[in-house]
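To be precise, the following lines are entry-v1.txt, and they hold compact mmCIF, C-alpha atoms.
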```txt
# COMPACT_ATOMS: atom_id res chain seq x y z
CA MET A 841 153.58 81.22 46.19
CA TYR A 842 155.71 78.77 44.24
CA LEU A 843 155.52 76.24 47.08
CA TYR A 844 151.75 76.66 46.98
CA LEU A 845 151.84 76.12 43.22
CA ILE A 846 153.65 72.81 43.72
CA GLY A 847 151.17 71.79 46.40
CA VAL A 848 148.20 72.50 44.11
CA ALA A 849 149.81 70.48 41.32
CA VAL A 850 150.26 67.47 43.61
CA TYR A 851 146.82 67.75 45.21
CA SER A 852 145.19 67.97 41.78
CA LEU A 853 146.12 64.33 41.24
CA PHE A 854 143.70 63.32 43.98
CA ASP A 855 140.92 65.94 43.97
CA LYS A 856 138.62 66.58 41.00
CA LYS A 857 137.81 70.17 41.97
CA VAL A 858 141.45 71.13 42.43
CA ARG A 859 142.28 69.39 39.16
CA LYS A 860 139.76 71.57 37.32
CA MET A 861 141.27 74.70 38.88
CA TRP A 862 144.83 73.61 38.11
CA ARG A 863 143.97 72.83 34.48
CA GLY A 864 141.94 76.00 34.07
CA GLU A 865 144.71 78.24 35.37
CA ARG A 866 147.20 76.71 32.98
CA GLU A 867 144.79 77.09 30.07
CA ALA A 868 143.95 80.72 30.90
CA PHE A 869 146.78 82.13 28.79
CA ASP A 870 145.63 80.14 25.78
CA VAL A 871 142.10 81.46 26.28
CA LEU A 872 143.40 85.03 26.38
CA LYS A 873 145.63 84.60 23.33
CA ALA A 874 142.71 83.21 21.34
CA ASN A 875 140.10 85.77 22.40
CA VAL A 876 141.65 89.12 23.33
CA ASP A 877 140.98 91.79 20.72
CA PRO A 878 144.09 94.01 20.68
CA ASP A 879 142.01 97.00 19.56
CA ALA A 880 139.33 96.62 22.27
CA ARG A 881 139.07 98.48 25.57
CA TYR A 882 138.80 95.97 28.41
CA VAL A 883 137.43 96.31 31.92
CA TRP A 884 138.55 93.44 34.16
CA PHE A 885 136.34 91.98 36.90
CA HIS A 886 137.76 89.36 39.25
CA ALA A 887 135.59 87.22 41.53
CA ALA A 888 136.89 84.42 43.71
CA SER A 889 133.81 82.27 43.37
CA LEU A 890 130.09 82.28 42.70
CA GLY A 891 129.09 84.52 45.63
CA GLU A 892 131.54 87.24 44.61
CA PHE A 893 130.40 86.91 40.99
CA GLU A 894 126.83 87.67 42.10
CA GLN A 895 128.12 90.81 43.83
CA GLY A 896 129.99 91.91 40.71
CA ARG A 897 127.23 91.03 38.27
CA PRO A 898 125.12 94.21 38.71
CA LEU A 899 128.23 96.28 37.93
CA MET A 900 129.04 94.27 34.82
CA GLU A 901 125.48 94.50 33.56
CA HIS A 902 125.34 98.24 34.19
CA LEU A 903 128.58 98.68 32.27
CA ARG A 904 127.37 96.42 29.46
CA LYS A 905 124.14 98.37 29.09
CA ASN A 906 125.44 101.92 29.47
CA HIS A 907 128.99 101.69 28.09
CA PRO A 908 129.13 99.28 25.15
CA GLU A 909 132.47 100.80 24.17
CA TYR A 910 134.06 98.52 26.77
CA LYS A 911 134.54 94.79 26.63
CA ILE A 912 134.45 92.78 29.84
CA LEU A 913 136.98 90.23 31.04
CA LEU A 914 135.76 88.08 33.93
CA THR A 915 138.12 85.86 35.91
CA PHE A 916 137.53 83.34 38.68
CA PHE A 917 139.73 81.61 41.21
CA SER A 918 137.41 78.76 42.24
CA PRO A 919 135.87 76.06 40.02
CA SER A 920 132.59 76.51 41.92
CA GLY A 921 132.38 79.94 40.31
CA TYR A 922 133.92 79.28 36.91
CA GLU A 923 132.15 76.00 36.15
CA VAL A 924 128.74 77.51 36.90
CA ARG A 925 129.25 80.83 35.06
CA LYS A 926 131.72 79.99 32.29
CA ASN A 927 128.99 80.65 29.72
CA TYR A 928 127.77 83.90 31.25
CA GLU A 929 126.71 86.15 28.37
CA GLY A 930 127.47 89.37 30.22
CA ALA A 931 131.23 89.01 29.71
CA ASP A 932 133.27 88.82 26.51
CA ILE A 933 136.03 86.61 27.92
CA ILE A 934 135.80 84.29 30.95
CA CYS A 935 138.70 82.32 32.36
CA TYR A 936 140.52 81.35 35.53
CA LEU A 937 143.03 83.78 37.00
CA PRO A 938 146.50 82.18 37.02
CA LEU A 939 148.11 81.99 40.44
CA ASP A 940 149.65 85.16 41.82
CA THR A 941 153.28 84.82 40.80
CA ARG A 942 155.12 87.80 39.37
CA ILE A 943 155.67 86.01 36.05
CA ASN A 944 152.00 85.10 35.72
CA ALA A 945 150.87 88.62 36.60
CA HIS A 946 153.18 90.27 34.04
CA ARG A 947 152.16 87.80 31.35
CA PHE A 948 148.45 88.12 32.07
CA LEU A 949 148.41 91.93 32.10
CA LYS A 950 150.53 92.13 28.97
CA LEU A 951 147.92 90.06 27.13
CA VAL A 952 144.90 91.99 28.40
CA SER A 953 146.02 95.56 29.20
CA PRO A 954 142.79 96.49 31.02
CA GLU A 955 141.77 100.14 31.29
CA MET A 956 140.36 99.55 34.79
CA ALA A 957 139.90 96.62 37.16
CA PHE A 958 137.32 95.64 39.77
CA PHE A 959 138.21 93.18 42.53
CA ILE A 960 135.14 91.93 44.38
CA LYS A 961 135.03 91.77 48.19
CA TYR A 962 138.03 89.86 49.63
CA GLU A 963 140.36 89.72 46.63
CA PHE A 964 143.87 91.00 47.35
CA TRP A 965 146.30 89.52 44.79
CA TYR A 966 149.69 90.94 45.71
CA ASN A 967 151.60 90.77 42.42
CA TYR A 968 148.69 91.59 40.14
CA LEU A 969 147.78 94.64 42.21
CA HIS A 970 151.31 96.01 42.44
CA ILE A 971 151.84 95.66 38.70
CA LEU A 972 148.48 97.28 37.96
CA LYS A 973 149.49 100.21 40.14
CA ARG A 974 152.86 100.57 38.40
CA ARG A 975 151.04 100.59 35.07
CA GLY A 976 148.70 103.34 36.27
CA VAL A 977 145.56 101.21 35.88
CA PRO A 978 142.71 102.30 38.20
CA VAL A 979 141.72 99.42 40.52
CA TYR A 980 138.55 99.37 42.60
CA SER A 981 137.56 97.12 45.48
CA VAL A 982 133.78 96.68 45.53
CA SER A 983 131.53 95.38 48.32
CA SER A 984 134.63 94.92 50.44
CA ILE A 985 134.39 94.64 54.18
CA PHE A 986 137.15 94.77 56.79
CA ARG A 987 137.34 93.41 60.32
CA ARG A 988 139.81 93.99 63.13
CA ASP A 989 140.90 90.33 63.12
CA GLN A 990 142.13 90.41 59.51
CA VAL A 991 145.86 90.09 58.91
CA PHE A 992 146.20 93.70 57.71
CA PHE A 993 145.45 95.08 61.17
CA HIS A 994 147.93 93.03 63.20
CA TRP A 995 151.56 94.03 63.73
CA TYR A 996 152.77 91.03 61.72
CA GLY A 997 150.57 91.98 58.76
CA HIS A 998 151.64 95.58 58.27
CA GLU A 999 154.02 94.76 55.43
CA TYR A 1000 151.38 92.75 53.59
CA ALA A 1001 148.89 95.58 54.20
CA MET A 1002 150.85 97.62 51.65
CA VAL A 1003 148.84 95.74 49.01
CA LEU A 1004 145.80 97.79 50.06
CA LYS A 1005 147.55 100.97 48.91
CA CYS A 1006 147.47 99.62 45.36
CA PHE A 1007 143.75 100.28 45.15
CA THR A 1008 142.49 103.51 43.65
CA HIS A 1009 139.33 103.41 45.76
CA PHE A 1010 137.44 101.12 48.13
CA PHE A 1011 133.65 100.92 47.92
CA VAL A 1012 132.96 99.27 51.27
CA GLN A 1013 129.95 97.93 53.11
CA ASN A 1014 130.17 99.81 56.42
CA GLU A 1015 131.80 102.58 58.46
CA THR A 1016 133.90 100.11 60.43
CA SER A 1017 135.73 99.26 57.21
CA VAL A 1018 136.38 102.94 56.50
CA ASN A 1019 137.82 103.46 59.98
CA LEU A 1020 140.04 100.40 59.78
CA LEU A 1021 141.45 101.54 56.45
CA ARG A 1022 142.09 104.98 57.90
CA SER A 1023 144.13 103.35 60.67
CA LEU A 1024 146.49 102.23 57.90
CA GLY A 1025 146.63 105.70 56.35
CA ILE A 1026 144.17 104.85 53.57
CA SER A 1027 141.47 107.48 53.06
CA CYS A 1028 140.16 106.54 49.62
CA ALA A 1029 137.12 104.66 50.88
CA THR A 1030 133.38 105.26 50.58
CA VAL A 1031 130.50 103.42 52.22
CA VAL A 1032 128.06 102.31 49.50
CA GLY A 1033 126.73 99.06 50.93
CA ASP A 1034 126.69 95.65 49.30
CA THR A 1035 125.86 95.17 45.61
CA ARG A 1036 124.43 91.77 46.54
CA PHE A 1037 121.21 93.53 47.61
CA ASP A 1038 120.86 94.89 44.08
CA ARG A 1039 121.50 91.45 42.69
CA VAL A 1040 118.87 89.63 44.76
CA LEU A 1041 116.29 92.21 43.70
CA GLN A 1042 117.24 91.49 40.08
CA ILE A 1043 116.90 87.76 40.77
CA LYS A 1044 113.48 88.30 42.29
CA GLU A 1045 112.30 90.17 39.21
CA ALA A 1046 113.50 87.32 36.97
CA ALA A 1047 112.17 84.48 39.16
CA LYS A 1048 110.88 81.41 37.35
CA GLN A 1049 107.41 79.97 37.58
CA LEU A 1050 107.79 76.37 38.77
CA PRO A 1051 104.65 74.28 38.14
CA ILE A 1052 105.84 71.33 40.23
CA VAL A 1053 106.52 73.56 43.25
CA GLU A 1054 103.22 75.40 42.78
CA ALA A 1055 101.35 72.08 42.73
CA PHE A 1056 103.29 70.91 45.78
CA LYS A 1057 102.32 74.01 47.76
CA ALA A 1058 98.61 73.56 46.98
CA GLY A 1059 97.60 76.36 49.34
CA ARG A 1060 99.50 74.87 52.29
CA GLN A 1061 102.11 76.48 54.53
CA VAL A 1062 105.62 75.65 53.31
CA PHE A 1063 109.00 75.72 55.02
CA VAL A 1064 111.92 76.14 52.58
CA ALA A 1065 115.38 74.94 53.61
CA GLY A 1066 118.05 76.22 51.23
CA SER A 1067 121.71 75.21 50.88
CA SER A 1068 121.40 72.74 53.76
CA TRP A 1069 124.10 70.43 55.10
CA PRO A 1070 123.59 67.29 57.25
CA PRO A 1071 123.96 69.20 60.58
CA ASP A 1072 121.24 71.60 59.42
CA GLU A 1073 118.97 68.76 58.37
CA ASP A 1074 119.39 67.11 61.77
CA VAL A 1075 117.92 70.30 63.25
CA PHE A 1076 114.84 70.92 61.11
CA ILE A 1077 113.77 67.53 59.71
CA PRO A 1078 112.68 66.01 63.06
CA PHE A 1079 110.42 69.01 63.66
CA PHE A 1080 108.58 68.63 60.36
CA ASN A 1081 108.26 64.89 60.79
CA GLN A 1082 106.00 65.80 63.72
CA HIS A 1083 104.08 68.68 62.09
CA PRO A 1084 101.91 67.39 59.23
CA GLU A 1085 100.17 70.77 58.91
CA TRP A 1086 103.34 72.10 57.22
CA LYS A 1087 105.04 71.00 54.03
CA ILE A 1088 108.80 71.20 53.58
CA ILE A 1089 111.07 71.84 50.60
CA ILE A 1090 114.75 70.94 51.00
CA ALA A 1091 117.34 72.23 48.52
CA PRO A 1092 120.65 70.76 49.77
CA HIS A 1093 123.93 72.54 49.15
CA VAL A 1094 125.57 69.32 47.96
CA ILE A 1095 123.51 67.30 45.53
CA GLY A 1096 125.04 63.86 45.51
CA ASP A 1097 123.63 60.37 45.83
CA ASP A 1098 125.01 59.86 49.35
CA HIS A 1099 123.60 63.14 50.66
CA LEU A 1100 120.23 62.58 49.03
CA ARG A 1101 120.01 59.12 50.59
CA GLN A 1102 120.80 60.63 54.00
CA ILE A 1103 118.00 63.17 53.62
CA LEU A 1104 115.46 60.60 52.45
CA SER A 1105 116.34 58.30 55.36
CA LYS A 1106 115.60 61.08 57.87
CA LEU A 1107 112.23 62.08 56.39
CA LYS A 1108 109.27 60.10 57.73
CA ARG A 1109 106.56 61.64 55.53
CA LYS A 1110 105.73 61.20 51.85
CA THR A 1111 108.66 62.57 49.88
CA VAL A 1112 109.35 63.15 46.19
CA LEU A 1113 112.46 64.24 44.29
CA TYR A 1114 112.00 67.24 42.03
CA THR A 1115 113.38 65.66 38.84
CA ASP A 1116 111.49 62.39 39.41
CA THR A 1117 108.00 63.72 40.01
CA THR A 1118 105.05 65.32 38.27
CA PRO A 1119 102.77 68.16 39.44
CA GLU A 1120 100.08 65.60 40.27
CA GLU A 1121 102.43 63.50 42.42
CA ALA A 1122 103.97 66.57 44.05
CA ALA A 1123 100.55 67.87 45.10
CA SER A 1124 99.98 64.84 47.32
CA ALA A 1125 103.50 64.82 48.82
CA ASP A 1126 104.58 66.34 52.14
CA CYS A 1127 108.27 66.80 51.37
CA LEU A 1128 109.92 67.93 48.15
CA VAL A 1129 113.67 67.45 47.78
CA ILE A 1130 115.34 69.56 45.08
CA ASN A 1131 117.93 67.33 43.41
CA CYS A 1132 119.14 69.82 40.80
CA PHE A 1133 120.77 73.25 40.72
CA GLY A 1134 119.55 76.69 39.70
CA LEU A 1135 116.07 76.76 41.25
CA LEU A 1136 116.53 77.81 44.87
CA SER A 1137 116.21 81.57 44.40
CA SER A 1138 112.86 81.03 42.67
CA ILE A 1139 111.68 78.39 45.14
CA TYR A 1140 111.84 80.72 48.14
CA ARG A 1141 108.79 82.58 46.82
CA TYR A 1142 106.60 79.59 47.70
CA GLY A 1143 107.52 79.53 51.40
CA GLU A 1144 106.26 81.14 54.58
CA VAL A 1145 109.48 80.56 56.57
CA ALA A 1146 113.01 79.92 55.29
CA TYR A 1147 116.08 78.23 56.70
CA VAL A 1148 119.51 78.91 55.20
CA GLY A 1149 122.19 76.30 55.81
CA GLY A 1150 125.90 76.44 56.57
CA GLY A 1151 125.61 78.03 60.00
CA PHE A 1152 126.75 74.84 61.73
CA GLY A 1153 129.77 74.57 59.42
CA VAL A 1154 132.11 76.99 57.68
CA GLY A 1155 129.49 79.75 57.47
CA ILE A 1156 125.95 80.49 56.35
CA HIS A 1157 125.01 80.77 52.71
CA ASN A 1158 123.00 83.54 51.03
CA VAL A 1159 120.24 84.71 53.38
CA LEU A 1160 119.22 87.55 51.07
CA GLU A 1161 117.78 85.27 48.38
CA ALA A 1162 115.17 84.21 50.94
CA ALA A 1163 114.66 87.53 52.73
CA VAL A 1164 113.98 89.41 49.49
CA TRP A 1165 110.66 87.52 49.27
CA GLY A 1166 109.54 88.98 52.60
CA MET A 1167 109.90 85.93 54.80
CA PRO A 1168 111.65 85.31 58.13
CA VAL A 1169 114.97 83.51 57.78
CA ILE A 1170 116.41 81.10 60.35
CA PHE A 1171 120.11 80.18 60.38
CA GLY A 1172 122.84 78.71 62.54
CA PRO A 1173 125.41 80.40 64.78
CA ASN A 1174 128.30 80.77 62.34
CA ASN A 1175 127.09 84.06 60.90
CA LYS A 1176 129.26 86.68 62.63
CA ASN A 1177 131.37 87.44 59.54
CA PHE A 1178 128.33 87.95 57.33
CA GLN A 1179 127.22 91.57 57.38
CA GLU A 1180 123.92 90.86 55.61
CA ALA A 1181 122.96 88.22 58.20
CA LEU A 1182 123.80 90.50 61.12
CA GLY A 1183 121.75 93.25 59.51
CA LEU A 1184 118.82 90.91 59.03
CA LEU A 1185 119.00 89.88 62.69
CA ALA A 1186 119.09 93.50 63.82
CA ALA A 1187 116.13 94.34 61.59
CA GLY A 1188 114.01 91.56 63.12
CA GLY A 1189 113.71 89.56 59.92
CA GLY A 1190 116.22 86.88 60.88
CA PHE A 1191 116.57 84.40 63.74
CA GLU A 1192 119.74 82.73 64.97
CA ILE A 1193 119.65 79.25 66.46
CA ASN A 1194 122.36 77.32 68.31
CA ASP A 1195 120.70 73.92 68.40
CA ASP A 1196 117.49 72.01 67.69
CA GLU A 1197 115.85 73.32 70.88
CA ASP A 1198 116.25 76.90 69.65
CA PHE A 1199 114.77 75.88 66.32
CA VAL A 1200 111.72 74.28 67.90
CA LYS A 1201 111.16 77.34 70.08
CA ILE A 1202 111.30 79.79 67.18
CA MET A 1203 109.15 77.67 64.88
CA ASN A 1204 106.52 77.22 67.58
CA GLN A 1205 106.42 80.98 68.08
CA LEU A 1206 106.06 81.65 64.36
CA ILE A 1207 103.34 79.03 64.05
CA SER A 1208 101.31 80.11 67.07
CA ASP A 1209 101.74 83.89 66.72
CA ARG A 1210 100.46 85.03 63.34
CA GLN A 1211 101.34 88.64 64.11
CA MET A 1212 104.96 87.67 64.80
CA LEU A 1213 105.15 85.79 61.49
CA CYS A 1214 103.70 88.71 59.54
CA SER A 1215 105.86 91.28 61.31
CA SER A 1216 109.15 89.39 60.81
CA SER A 1217 108.23 88.73 57.18
CA GLU A 1218 107.65 92.42 56.55
CA LYS A 1219 110.88 93.37 58.32
CA ALA A 1220 112.89 90.94 56.18
CA GLY A 1221 111.57 92.41 52.94
CA THR A 1222 111.96 95.98 54.14
CA PHE A 1223 115.57 95.30 55.16
CA VAL A 1224 116.57 94.07 51.70
CA ASN A 1225 114.80 96.85 49.82
CA GLY A 1226 116.26 99.47 52.14
CA GLN A 1227 119.84 98.36 51.46
CA ALA A 1228 119.63 98.49 47.66
CA GLY A 1229 121.49 101.06 45.54
CA ALA A 1230 125.19 100.19 45.92
CA THR A 1231 125.62 99.62 42.17
CA ARG A 1232 124.27 103.08 41.35
CA LYS A 1233 126.50 104.71 43.98
CA VAL A 1234 129.64 103.01 42.64
CA MET A 1235 128.95 103.85 39.03
CA GLU A 1236 128.00 107.45 39.79
CA ALA A 1237 131.22 107.89 41.76
CA LEU A 1238 133.20 106.64 38.76
CA GLY A 1239 131.20 108.65 36.24
CA LEU A 1240 130.06 105.51 34.45
```
Would you mind writing the structure in this file as structure tokens?
Amino acid sequence: MYLYLIGVAVYSLFDKKVRKMWRGEREAFDVLKANVDPDARYVWFHAASLGEFEQGRPLMEHLRKNHPEYKILLTFFSPSGYEVRKNYEGADIICYLPLDTRINAHRFLKLVSPEMAFFIKYEFWYNYLHILKRRGVPVYSVSSIFRRDQVFFHWYGHEYAMVLKCFTHFFVQNETSVNLLRSLGISCATVVGDTRFDRVLQIKEAAKQLPIVEAFKAGRQVFVAGSSWPPDEDVFIPFFNQHPEWKIIIAPHVIGDDHLRQILSKLKRKTVLYTDTTPEEAASADCLVINCFGLLSSIYRYGEVAYVGGGFGVGIHNVLEAAVWGMPVIFGPNNKNFQEALGLLAAGGGFEINDDEDFVKIMNQLISDRQMLCSSSEKAGTFVNGQAGATRKVMEALGL
């Protein structure tokens, strides 16, 4: 851990994102000293990044609404979570979590003294968890999911797997996770599903009206590509260059000048950038590129078919934000570790592609077969609605 700490310090000299994390972790103790109320009762939520925050958010908001006697401490590991949600009004204190050394863990927990802690999905901080257990603080793992290939279930990971016995209870996504934990002698696990389903339904209810996007749609069929990367764009852009009967909205995962120039160079139809256009100009365009953050979850409502990027890279992004609107979702092959994507495939509301030929085949089927489009749309919406309720199950189990 200390070697890692040195490595982060050195790397922060060359990488802006790592520099933000390094600075934020060092400043976390100052944030706590300045803001912790010694007479308050704190509940601690830890999320690695933005995705885990969205899974924890329904729990925080339930607690905020129904148990105002508690204050909420929210910590992040990644700048991509902290920088986006550092002003989130649902928590009383928000900061980075200092790296998992024994000294940091003791110091952090002495300052906060939480009454309970929630670690979202894949968070297993060895020193923090062991000290919480020694202090008798209940610790819950929420929306967690376990697979046979994880380190805990190999012979060389058995010692590290002891960290799992620090949890008071696991609220997991599936029966496989329960069985894997039992193989380690851990029986305190309940299948509740994924709180992310609750969150996307909340997002849908709070969706924004977007006049520029409404004018762009203008009664036409729209394909929405969300969180796309260059390999994704190489798959779907050529198709829509040849299909003028469809409009396309592209919301890239990385919004930078270089990436935007790449996208614009590939598009052969009239294209406008969201922040540079008006409703009148957008109405006459064929392609709308979203060059700002925070709109994608509301944009999906204007589409007939969605594509979610990342499947030709490290892994697909959030397919549920699209599926909740009752629309078929297409994505690349790197989806096997994403329970929600596998569930969407099994339900018939999602389609996996391995290359541009697969994409063309599926799109042609959806375009030519109206019944197939309607059926897969309905199945996507039904899948999301049918998986909701994890937040309620967790809170009822805890009597909160």
Residues within 10 Å of A:Glu1180, all atoms listed in the file, excluding chain neighbours under 6 positions, as number ranges by chain: A: 1013, 1033-1034, 1036-1037, 1158-1160, 1186, 1223-1224, 1227
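With distances restricted to only C-alpha atoms, A:Tyr980 is the closest residue to A:Val1234 from A:Asn1014, A:Val1064, A:Tyr980, A:Val1112.
Across the model, the gap from atom CA of A:Met1203 to atom CA of A:Val1169 is 10.9 Å.
The list of residues within 12 Å of (144.1, 97.5, 21.0), counted using only C-alpha atoms, is Val876, Asp877, Pro878, Asp879, Ala880, Arg881, Tyr882, Tyr910, Lys911, Lys950, Leu951, Val952, Ser953, Pro954 and Glu955 of chain A.
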Nearest candidate to A:Lys961 (options A:Lys856, A:His886, A:His1093, A:Lys926; using only C-alpha atoms):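 Using only C-alpha atoms, the shortest distance to A:Lys961 belongs to A:His886.
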Restricting the calculation to only C-alpha atoms, which member of A:Ala1163, A:Val1148, A:Cys1006, A:Ile1088 is positioned closest to A:Asn1175?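 Of A:Ala1163, A:Val1148, A:Cys1006, A:Ile1088, the one nearest A:Asn1175, counting only C-alpha atoms, is A:Val1148.
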Which residue of A:Gly1229, A:Gly921, A:Gly1166, A:Gly1188 approaches A:Tyr1142 most closely, using only C-alpha atoms: A:Gly1166
Around all of stretch 1213-1232 of chain A's listed atoms, make the axis-aligned box with 4 Å on each side and tell me centre and edge lengths in Å to one decimal, as JSON.
```
{"center_x": 114.7, "center_y": 94.4, "center_z": 51.4, "size_x": 29.9, "size_y": 25.3, "size_z": 28.1}
```
Can you list, as a PyMOL selection string, every protein, DNA or RNA residue that comes within 7 Å of A:Glu1144 when you count all atoms listed in the file, leaving out same-chain residues fewer than 3 positions away? chain A and resi 1061-1063+1167
